[in-house]
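**Student:** Okay, so here is work-v4.cif, and as you'll see once you scroll down, it has mmCIF, C-alpha atoms.
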```
data_coords
loop_
_atom_site.group_PDB
_atom_site.id
_atom_site.type_symbol
_atom_site.label_atom_id
_atom_site.label_comp_id
_atom_site.auth_asym_id
_atom_site.auth_seq_id
_atom_site.Cartn_x
_atom_site.Cartn_y
_atom_site.Cartn_z
ATOM 1 C CA MET A 15 -2.586 53.985 -46.431
ATOM 2 C CA SER A 16 -1.981 50.731 -48.250
ATOM 3 C CA ILE A 17 -3.561 47.406 -47.454
ATOM 4 C CA GLU A 18 -3.152 44.561 -49.900
ATOM 5 C CA VAL A 19 -6.816 43.682 -50.377
ATOM 6 C CA THR A 20 -9.547 46.163 -49.473
ATOM 7 C CA ASP A 21 -12.384 45.166 -47.176
ATOM 8 C CA ALA A 22 -14.822 45.344 -50.101
ATOM 9 C CA GLN A 23 -12.656 43.073 -52.263
ATOM 10 C CA LEU A 24 -12.318 40.637 -49.390
ATOM 11 C CA VAL A 25 -16.078 40.484 -48.856
ATOM 12 C CA GLU A 26 -16.637 39.886 -52.550
ATOM 13 C CA ARG A 27 -14.156 37.023 -52.535
ATOM 14 C CA CYS A 28 -15.766 35.521 -49.431
ATOM 15 C CA ARG A 29 -19.125 35.591 -51.156
ATOM 16 C CA ALA A 30 -17.577 33.761 -54.075
ATOM 17 C CA GLY A 31 -16.650 30.994 -51.634
ATOM 18 C CA GLU A 32 -12.876 31.495 -51.533
ATOM 19 C CA ALA A 33 -11.611 29.746 -48.420
ATOM 20 C CA ALA A 34 -8.448 31.863 -48.299
ATOM 21 C CA ALA A 35 -10.543 35.035 -48.328
ATOM 22 C CA TRP A 36 -12.628 33.847 -45.383
ATOM 23 C CA ASN A 37 -9.445 33.021 -43.472
ATOM 24 C CA GLU A 38 -8.138 36.510 -44.201
ATOM 25 C CA LEU A 39 -11.413 38.140 -43.153
ATOM 26 C CA VAL A 40 -11.355 36.330 -39.812
ATOM 27 C CA GLU A 41 -7.677 37.219 -39.355
ATOM 28 C CA ARG A 42 -8.312 40.865 -40.220
ATOM 29 C CA PHE A 43 -11.170 41.363 -37.761
ATOM 30 C CA SER A 44 -10.319 38.850 -35.016
ATOM 31 C CA ARG A 45 -8.489 41.374 -32.812
ATOM 32 C CA TYR A 46 -11.267 43.910 -33.247
ATOM 33 C CA VAL A 47 -14.055 41.506 -32.259
ATOM 34 C CA TYR A 48 -11.995 40.190 -29.369
ATOM 35 C CA ALA A 49 -11.208 43.688 -28.099
ATOM 36 C CA ILE A 50 -14.830 44.840 -28.282
ATOM 37 C CA ALA A 51 -15.856 41.834 -26.205
ATOM 38 C CA VAL A 52 -13.114 41.936 -23.575
ATOM 39 C CA ARG A 53 -12.237 45.649 -23.446
ATOM 40 C CA ALA A 54 -15.387 47.570 -24.323
ATOM 41 C CA PHE A 55 -17.835 45.133 -22.715
ATOM 42 C CA ARG A 56 -15.417 43.537 -20.232
ATOM 43 C CA LEU A 57 -16.780 40.062 -20.850
ATOM 44 C CA PRO A 58 -14.985 37.195 -19.121
ATOM 45 C CA GLU A 59 -13.016 34.966 -21.480
ATOM 46 C CA HIS A 60 -15.583 32.163 -21.699
ATOM 47 C CA ASP A 61 -18.360 34.606 -22.643
ATOM 48 C CA ALA A 62 -16.034 36.448 -25.013
ATOM 49 C CA GLU A 63 -15.234 33.193 -26.784
ATOM 50 C CA ASP A 64 -18.930 32.469 -27.338
ATOM 51 C CA VAL A 65 -19.448 35.994 -28.639
ATOM 52 C CA PHE A 66 -16.413 35.689 -30.913
ATOM 53 C CA GLN A 67 -17.665 32.464 -32.524
ATOM 54 C CA ASP A 68 -21.206 33.773 -32.714
ATOM 55 C CA VAL A 69 -20.103 36.960 -34.494
ATOM 56 C CA PHE A 70 -18.128 35.119 -37.144
ATOM 57 C CA ALA A 71 -20.932 32.569 -37.598
ATOM 58 C CA ARG A 72 -23.403 35.414 -38.189
ATOM 59 C CA THR A 73 -20.950 37.169 -40.465
ATOM 60 C CA TYR A 74 -20.650 34.013 -42.544
ATOM 61 C CA GLU A 75 -24.389 33.386 -42.633
ATOM 62 C CA ARG A 76 -25.433 36.958 -43.362
ATOM 63 C CA LEU A 77 -22.693 38.195 -45.667
ATOM 64 C CA ASP A 78 -25.190 38.278 -48.542
ATOM 65 C CA SER A 79 -27.318 40.787 -46.650
ATOM 66 C CA LEU A 80 -24.494 43.323 -46.314
ATOM 67 C CA ARG A 81 -25.545 46.233 -48.534
ATOM 68 C CA ASP A 82 -22.195 47.970 -48.806
ATOM 69 C CA ASP A 83 -19.200 45.640 -48.932
ATOM 70 C CA ALA A 84 -16.871 48.425 -47.808
ATOM 71 C CA ALA A 85 -18.928 48.774 -44.618
ATOM 72 C CA ILE A 86 -17.965 45.359 -43.266
ATOM 73 C CA ARG A 87 -16.092 46.898 -40.344
ATOM 74 C CA PRO A 88 -19.006 48.841 -38.795
ATOM 75 C CA TRP A 89 -21.285 45.911 -39.592
ATOM 76 C CA ILE A 90 -19.055 43.504 -37.669
ATOM 77 C CA ALA A 91 -18.779 46.048 -34.853
ATOM 78 C CA GLN A 92 -22.575 46.163 -34.639
ATOM 79 C CA LEU A 93 -22.886 42.380 -34.704
ATOM 80 C CA THR A 94 -20.322 42.175 -31.904
ATOM 81 C CA ARG A 95 -21.994 44.873 -29.845
ATOM 82 C CA ASN A 96 -25.370 43.139 -30.187
ATOM 83 C CA ALA A 97 -23.890 39.758 -29.275
ATOM 84 C CA CYS A 98 -22.196 41.257 -26.200
ATOM 85 C CA ILE A 99 -25.399 42.963 -25.061
ATOM 86 C CA ASP A 100 -27.361 39.717 -25.563
ATOM 87 C CA ARG A 101 -24.760 37.882 -23.504
ATOM 88 C CA LEU A 102 -24.890 40.442 -20.697
ATOM 89 C CA ARG A 103 -28.676 40.434 -20.679
ATOM 90 C CA ALA A 104 -28.736 36.647 -20.574
ATOM 91 C CA GLY A 105 -26.471 36.780 -17.554
ATOM 92 C CA GLY A 106 -28.607 39.452 -15.895
ATOM 93 C CA ARG A 107 -25.639 41.810 -15.639
ATOM 94 C CA GLU A 108 -27.008 44.836 -17.473
ATOM 95 C CA GLU A 109 -29.052 46.125 -14.556
ATOM 96 C CA SER A 110 -25.999 46.360 -12.332
ATOM 97 C CA THR A 111 -24.702 49.521 -14.035
ATOM 98 C CA ALA A 112 -26.117 53.022 -14.067
ATOM 99 C CA GLU A 113 -26.080 53.320 -17.868
ATOM 100 C CA PRO A 114 -27.384 50.850 -20.403
ATOM 101 C CA PHE A 115 -24.525 49.091 -22.200
ATOM 102 C CA GLU A 116 -25.707 50.447 -25.545
ATOM 103 C CA TRP A 117 -24.506 53.897 -24.474
ATOM 104 C CA ALA A 118 -21.744 53.095 -22.062
ATOM 105 C CA ASN A 119 -19.423 51.594 -24.673
ATOM 106 C CA ASP A 120 -19.628 53.978 -27.620
ATOM 107 C CA ALA A 121 -16.412 55.779 -26.729
ATOM 108 C CA ALA A 122 -14.535 52.535 -26.157
ATOM 109 C CA ILE A 123 -15.657 51.153 -29.524
ATOM 110 C CA GLU A 124 -14.702 54.396 -31.290
ATOM 111 C CA GLN A 125 -11.252 54.094 -29.790
ATOM 112 C CA LEU A 126 -10.968 50.479 -30.937
ATOM 113 C CA ASP A 127 -12.034 51.610 -34.391
ATOM 114 C CA GLU A 128 -9.166 54.068 -34.407
ATOM 115 C CA ALA A 129 -6.853 51.335 -33.132
ATOM 116 C CA LEU A 130 -7.881 49.111 -36.038
ATOM 117 C CA THR A 131 -7.056 51.889 -38.491
ATOM 118 C CA VAL A 132 -3.601 52.124 -36.939
ATOM 119 C CA GLN A 133 -3.279 48.346 -37.011
ATOM 120 C CA GLU A 134 -4.108 48.356 -40.719
ATOM 121 C CA GLY A 135 -1.399 50.958 -41.216
ATOM 122 C CA LEU A 136 1.137 48.357 -40.141
ATOM 123 C CA HIS A 137 0.624 46.575 -43.452
ATOM 124 C CA ALA A 138 2.403 49.405 -45.215
ATOM 125 C CA LEU A 139 5.554 48.857 -43.151
ATOM 126 C CA SER A 140 8.272 46.286 -43.632
ATOM 127 C CA PRO A 141 7.590 42.843 -42.103
ATOM 128 C CA ASN A 142 10.364 43.542 -39.584
ATOM 129 C CA CYS A 143 8.784 46.797 -38.430
ATOM 130 C CA ARG A 144 5.330 45.231 -38.340
ATOM 131 C CA GLU A 145 6.567 42.402 -36.184
ATOM 132 C CA VAL A 146 8.579 44.458 -33.729
ATOM 133 C CA LEU A 147 5.713 46.914 -33.156
ATOM 134 C CA ASP A 148 3.149 44.165 -32.805
ATOM 135 C CA ARG A 149 5.293 42.183 -30.395
ATOM 136 C CA PHE A 150 6.096 45.175 -28.225
ATOM 137 C CA PHE A 151 2.759 46.975 -28.082
ATOM 138 C CA ALA A 152 0.052 44.416 -28.829
ATOM 139 C CA ARG A 153 1.688 41.286 -27.407
ATOM 140 C CA ASP A 154 3.399 43.143 -24.578
ATOM 141 C CA GLU A 155 6.712 41.340 -25.083
ATOM 142 C CA SER A 156 9.912 42.566 -23.454
ATOM 143 C CA TYR A 157 12.928 43.872 -25.391
ATOM 144 C CA ARG A 158 14.753 40.674 -24.464
ATOM 145 C CA THR A 159 11.983 38.393 -25.775
ATOM 146 C CA ILE A 160 11.720 40.366 -29.006
ATOM 147 C CA ALA A 161 15.481 40.359 -29.460
ATOM 148 C CA GLU A 162 15.638 36.594 -28.982
ATOM 149 C CA ALA A 163 12.724 35.952 -31.326
ATOM 150 C CA LEU A 164 14.122 38.141 -34.085
ATOM 151 C CA GLY A 165 17.798 37.340 -33.541
ATOM 152 C CA LEU A 166 18.753 40.948 -32.795
ATOM 153 C CA PRO A 167 20.924 42.545 -30.098
ATOM 154 C CA PRO A 168 18.609 43.569 -27.192
ATOM 155 C CA GLY A 169 20.161 47.036 -27.114
ATOM 156 C CA THR A 170 18.830 47.817 -30.575
ATOM 157 C CA ILE A 171 15.149 47.066 -29.934
ATOM 158 C CA ALA A 172 14.192 50.446 -28.449
ATOM 159 C CA SER A 173 15.678 52.367 -31.355
ATOM 160 C CA ARG A 174 14.031 50.048 -33.875
ATOM 161 C CA ILE A 175 10.661 50.533 -32.190
ATOM 162 C CA SER A 176 11.120 54.286 -32.301
ATOM 163 C CA ARG A 177 12.148 54.238 -35.958
ATOM 164 C CA CYS A 178 9.237 51.979 -36.925
ATOM 165 C CA LEU A 179 6.748 54.137 -35.005
ATOM 166 C CA GLY A 180 8.035 57.131 -36.961
ATOM 167 C CA LYS A 181 7.402 55.260 -40.204
ATOM 168 C CA LEU A 182 3.940 54.237 -39.053
ATOM 169 C CA ARG A 183 3.134 57.816 -38.146
ATOM 170 C CA ALA A 184 4.318 59.039 -41.544
ATOM 171 C CA GLU A 185 2.191 56.368 -43.195
ATOM 172 C CA LEU A 186 -0.927 57.332 -41.265
ATOM 173 C CA GLU A 187 -0.378 61.003 -41.995
ATOM 174 C CA GLY A 188 -0.156 60.197 -45.688
ATOM 175 C CA ARG A 189 3.480 61.084 -46.043
ATOM 176 C CA ASN A 190 4.424 57.658 -47.366
ATOM 177 C CA SER A 191 1.331 56.915 -49.424
ATOM 178 C CA GLY A 192 1.966 54.905 -52.535
ATOM 179 C CA SER A 193 5.351 53.545 -51.534
ATOM 180 C CA ALA A 194 5.758 49.786 -51.286
ATOM 181 C CA PRO A 195 6.814 48.372 -47.905
ATOM 182 C CA SER A 196 10.565 47.923 -47.711
ATOM 183 C CA GLU A 197 12.123 44.617 -46.693
ATOM 184 C CA GLU A 198 14.441 46.508 -44.371
ATOM 185 C CA TRP A 199 13.835 48.421 -41.157
ATOM 186 C CA MET B 16 -9.030 71.627 -32.819
ATOM 187 C CA SER B 17 -12.717 70.868 -32.159
ATOM 188 C CA PRO B 18 -13.610 68.689 -29.165
ATOM 189 C CA ASN B 19 -14.522 65.866 -31.588
ATOM 190 C CA THR B 20 -11.263 65.943 -33.536
ATOM 191 C CA PRO B 21 -9.139 62.914 -32.646
ATOM 192 C CA PRO B 22 -5.706 63.761 -31.278
ATOM 193 C CA PRO B 23 -2.878 63.638 -33.820
ATOM 194 C CA PHE B 24 -0.932 60.441 -34.236
ATOM 195 C CA ASP B 25 1.973 61.212 -31.955
ATOM 196 C CA GLU B 26 4.139 58.196 -31.322
ATOM 197 C CA GLU B 27 3.046 57.650 -27.743
ATOM 198 C CA ARG B 28 -0.573 57.557 -28.840
ATOM 199 C CA LEU B 29 0.229 55.174 -31.681
ATOM 200 C CA GLY B 30 1.770 52.819 -29.140
ATOM 201 C CA GLU B 31 -1.305 53.042 -26.928
ATOM 202 C CA LEU B 32 -3.618 52.327 -29.855
ATOM 203 C CA LEU B 33 -1.555 49.344 -30.993
ATOM 204 C CA GLY B 34 -1.764 48.033 -27.438
ATOM 205 C CA LEU B 35 -5.570 48.061 -27.553
ATOM 206 C CA LEU B 36 -5.672 45.244 -30.084
ATOM 207 C CA PRO B 37 -3.843 42.194 -28.759
ATOM 208 C CA PRO B 38 -4.301 39.045 -30.823
ATOM 209 C CA ALA B 39 -7.350 36.923 -30.081
ATOM 210 C CA PRO B 40 -6.497 33.461 -28.752
ATOM 211 C CA ARG B 41 -5.225 31.433 -31.711
ATOM 212 C CA GLY B 42 -7.692 28.607 -31.146
ATOM 213 C CA TRP B 43 -10.638 30.983 -31.403
ATOM 214 C CA THR B 44 -9.404 32.354 -34.699
ATOM 215 C CA LEU B 45 -8.757 28.884 -36.123
ATOM 216 C CA ALA B 46 -12.226 27.707 -35.076
ATOM 217 C CA ALA B 47 -13.812 30.695 -36.815
ATOM 218 C CA GLN B 48 -11.741 30.049 -39.928
ATOM 219 C CA GLU B 49 -12.943 26.445 -40.012
ATOM 220 C CA LEU B 50 -16.565 27.530 -39.946
ATOM 221 C CA PRO B 51 -17.286 27.183 -43.701
ATOM 222 C CA ALA B 52 -15.851 23.656 -43.772
ATOM 223 C CA ALA B 53 -17.788 22.758 -40.622
ATOM 224 C CA ARG B 54 -21.006 24.081 -42.185
ATOM 225 C CA ARG B 55 -20.393 22.065 -45.341
ATOM 226 C CA GLU B 56 -19.832 18.939 -43.252
ATOM 227 C CA LEU B 57 -23.018 19.560 -41.293
ATOM 228 C CA ASP B 58 -25.059 20.137 -44.463
ATOM 229 C CA GLU B 59 -23.626 16.942 -45.925
ATOM 230 C CA ILE B 60 -24.688 14.932 -42.844
ATOM 231 C CA VAL B 61 -28.183 16.416 -42.908
ATOM 232 C CA GLU B 62 -28.543 15.674 -46.616
ATOM 233 C CA LEU B 63 -27.346 12.117 -46.073
ATOM 234 C CA ALA B 64 -29.814 11.655 -43.219
ATOM 235 C CA ARG B 65 -32.669 12.910 -45.387
ATOM 236 C CA ALA B 66 -31.747 10.586 -48.218
ATOM 237 C CA ASP B 67 -30.905 7.483 -46.166
ATOM 238 C CA ALA B 68 -33.552 6.289 -43.693
ATOM 239 C CA GLU B 69 -31.214 3.774 -42.083
ATOM 240 C CA PHE B 70 -28.538 6.405 -41.438
ATOM 241 C CA ARG B 71 -31.240 8.699 -40.047
ATOM 242 C CA ARG B 72 -32.446 5.939 -37.701
ATOM 243 C CA ARG B 73 -28.896 5.301 -36.501
ATOM 244 C CA LEU B 74 -28.337 9.020 -35.928
ATOM 245 C CA MET B 75 -31.442 9.220 -33.771
ATOM 246 C CA ALA B 76 -30.466 6.097 -31.825
ATOM 247 C CA ASP B 77 -26.806 6.903 -31.180
ATOM 248 C CA LEU B 78 -25.536 10.087 -32.758
ATOM 249 C CA GLU B 79 -21.875 9.694 -31.953
ATOM 250 C CA ALA B 80 -21.637 6.064 -33.044
ATOM 251 C CA ALA B 81 -23.546 6.743 -36.276
ATOM 252 C CA LEU B 82 -21.231 9.607 -37.225
ATOM 253 C CA ALA B 83 -18.097 7.655 -36.313
ATOM 254 C CA THR B 84 -19.266 4.680 -38.385
ATOM 255 C CA ALA B 85 -19.911 7.013 -41.313
ATOM 256 C CA GLY B 86 -16.335 8.266 -41.072
ATOM 257 C CA TYR B 87 -16.842 11.613 -39.381
ATOM 258 C CA GLU B 88 -14.585 12.928 -36.664
ATOM 259 C CA THR B 89 -16.913 13.160 -33.665
ATOM 260 C CA ARG B 90 -15.881 16.559 -32.328
ATOM 261 C CA ALA B 91 -18.070 18.086 -29.624
ATOM 262 C CA GLU B 92 -19.015 21.029 -31.878
ATOM 263 C CA LEU B 93 -20.091 18.711 -34.702
ATOM 264 C CA LEU B 94 -22.150 16.547 -32.337
ATOM 265 C CA ALA B 95 -23.879 19.627 -30.915
ATOM 266 C CA ALA B 96 -24.566 21.040 -34.381
ATOM 267 C CA VAL B 97 -26.014 17.776 -35.704
ATOM 268 C CA ARG B 98 -28.049 17.310 -32.520
ATOM 269 C CA ALA B 99 -29.557 20.755 -33.064
ATOM 270 C CA ARG B 100 -30.618 19.763 -36.592
ATOM 271 C CA LEU B 101 -32.140 16.386 -35.619
ATOM 272 C CA PRO B 102 -35.674 17.722 -35.012
ATOM 273 C CA GLU B 103 -35.947 18.878 -38.615
ATOM 274 C CA LEU B 104 -35.155 15.308 -39.766
ATOM 275 C CA GLY B 105 -38.295 13.989 -38.116
#
```
Please, can you express the file's structure as structure tokens?
**Tutor:**
Amino acid sequence: MSIEVTDAQLVERCRAGEAAAWNELVERFSRYVYAIAVRAFRLPEHDAEDVFQDVFARTYERLDSLRDDAAIRPWIAQLTRNACIDRLRAGGREESTAEPFEWANDAAIEQLDEALTVQEGLHALSPNCREVLDRFFARDESYRTIAEALGLPPGTIASRISRCLGKLRAELEGRNSGSAPSEEW
Amino acid sequence: MSPNTPPPFDEERLGELLGLLPPAPRGWTLAAQELPAARRELDEIVELARADAEFRRRLMADLEAALATAGYETRAELLAAVRARLPELG
């Protein structure tokens, strides 16, 4: 699977103080942190926002303590999990469930981890494919909205989604490895 | 397939997985991206307060006015961050 800059390279550039690298790091992991907070831990938006800012603040402050730059993803996942648990404990909500949150959310976080791998696979597709898949699945936009945004006939959106999913699948299964993303569909 | 083997990437599953990661609210992402600049600004204010007794006195007396007079944009986050650092300034 191709991604323009690896996680390890990105971390190294952040440590060197490159503002663009920090922006990219936040962009790369923002959905993941958000999803852990609101999906795995079901935090309300105002708590999730605090967790989100707290996680990136800790990431920024503690980046030098990360032992393996390539392990930024599990490290951020752990920071997010800890921040969510702290938030739930502070609100006295942990006792209301049968299982401690530490255990209850492992499966959900594993699934989000897999989702992030798929999300990263989008980078190997053309910008058009990336956008149509993201709009339809992640942003939950209708065919009509997507068609209007991209200037395409609405009747072609379903087939484009199907074609792009096929390309994404091939990418994730390693059948397209090494090829540069096309500008076309 | 073992019970721990993830299901293959059929297209329906790919769609489901993509749907698990909606974008975070844009404002949250922008705020996180501005963090390094905000930290630099905060460090600059703290340094200035350490070096300049008059600025330090004005900060303690009226934080918002002192920062505005010094040319800083008095955002709520900046005020809260500086307020949290005041005790270390004595």
**Student:** From the list B:Ala53, B:Leu35, B:Ala96, B:Ile60, which residue is nearest chain A when using all atoms listed in the file?
**Tutor:**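 Among B:Ala53, B:Leu35, B:Ala96, B:Ile60, it is B:Leu35 that comes nearest to chain A.
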**Student:** Starting from the displayed file, determine the output of the PyMOL selection byres ((chain A) within 8 of (chain B)) and express the residue list as a PyMOL selection string.
**Tutor:** chain A and resi 33+36-37+40-41+44-46+48-49+63+66-67+70-71+74+125-126+128-130+132-133+147-148+151-154+179-180+183+186-187
**Student:** Quick one: pull the distance between CA of Glu145 (chain A) and CA of Glu162 (chain A), Å, one decimal.
**Tutor:** 13.0 Å
**Student:** Env of Leu104 (chain B): 12 Å cut, atoms = all atoms listed in the file, seq-sep filter 4 positions within chain, self excluded. Answer as an MDAnalysis selection string.
**Tutor:** chainID B and resid 60:68 70:72 74:75 97:100
**Student:** Measure the distance from CA of Arg90 (chain B) to CA of Pro102 (chain B) in Å and round it to one decimal.
**Tutor:**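 Computing it gives 20.0 Å between the two atoms.
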**Student:** Please determine, counting only C-alpha atoms, which residue among A:Ala121, A:Leu93, A:Ala84, A:Ile160 has the shortest atom-to-atom distance to Ala22 (chain A).
**Tutor:**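 Ranked by minimum distance to Ala22 (chain A), first place goes to A:Ala84.
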**Student:** Please evaluate the PyMOL selection byres ((chain A and resi 97) around 9) against the displayed coordinates and give the resulting residues as an MDAnalysis selection string.
**Tutor:** chainID A and resid 51 65:66 68:69 92:96 98:102
**Student:** Could you check how far CA of Arg29 (chain A) sits from CA of Ile86 (chain A), in Å to one decimal?
**Tutor:**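 That distance, rounded to one decimal, is 12.6 Å.
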**Student:** Adding 8 Å on each side of the box along x, y and z that holds all listed atoms of region 71-87 of chain A, could you give its centre and edge lengths in Å to one decimal, as JSON?
**Tutor:**
```
{"center_x": -21.7, "center_y": 40.7, "center_z": -43.3, "size_x": 27.2, "size_y": 32.2, "size_z": 27.3}
```
**Student:** Nearest to Leu101 (chain B) among B:Ala76, B:Glu69, B:Ala85, B:Arg55, with distances taken over only C-alpha atoms: which residue is it?
**Tutor:**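 Counting only C-alpha atoms, the residue closest to Leu101 (chain B) is B:Ala76.
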**Student:** Can you spell out as a ChimeraX atom specification the set of residues that the PyMOL selection byres ((chain A and resi 26) around 12) selects in the structure I just provided?
**Tutor:** /A:19-25,27-32,35-36,39,77-78,80-84,86
**Student:** Looking at all atoms listed in the file, which of A:Glu38, A:Arg177, A:Leu57, A:Gly165 is the one that sits closest to Gly105 (chain A)?
**Tutor:**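 Looking only at the distances to Gly105 (chain A), the closest residue turns out to be A:Leu57.
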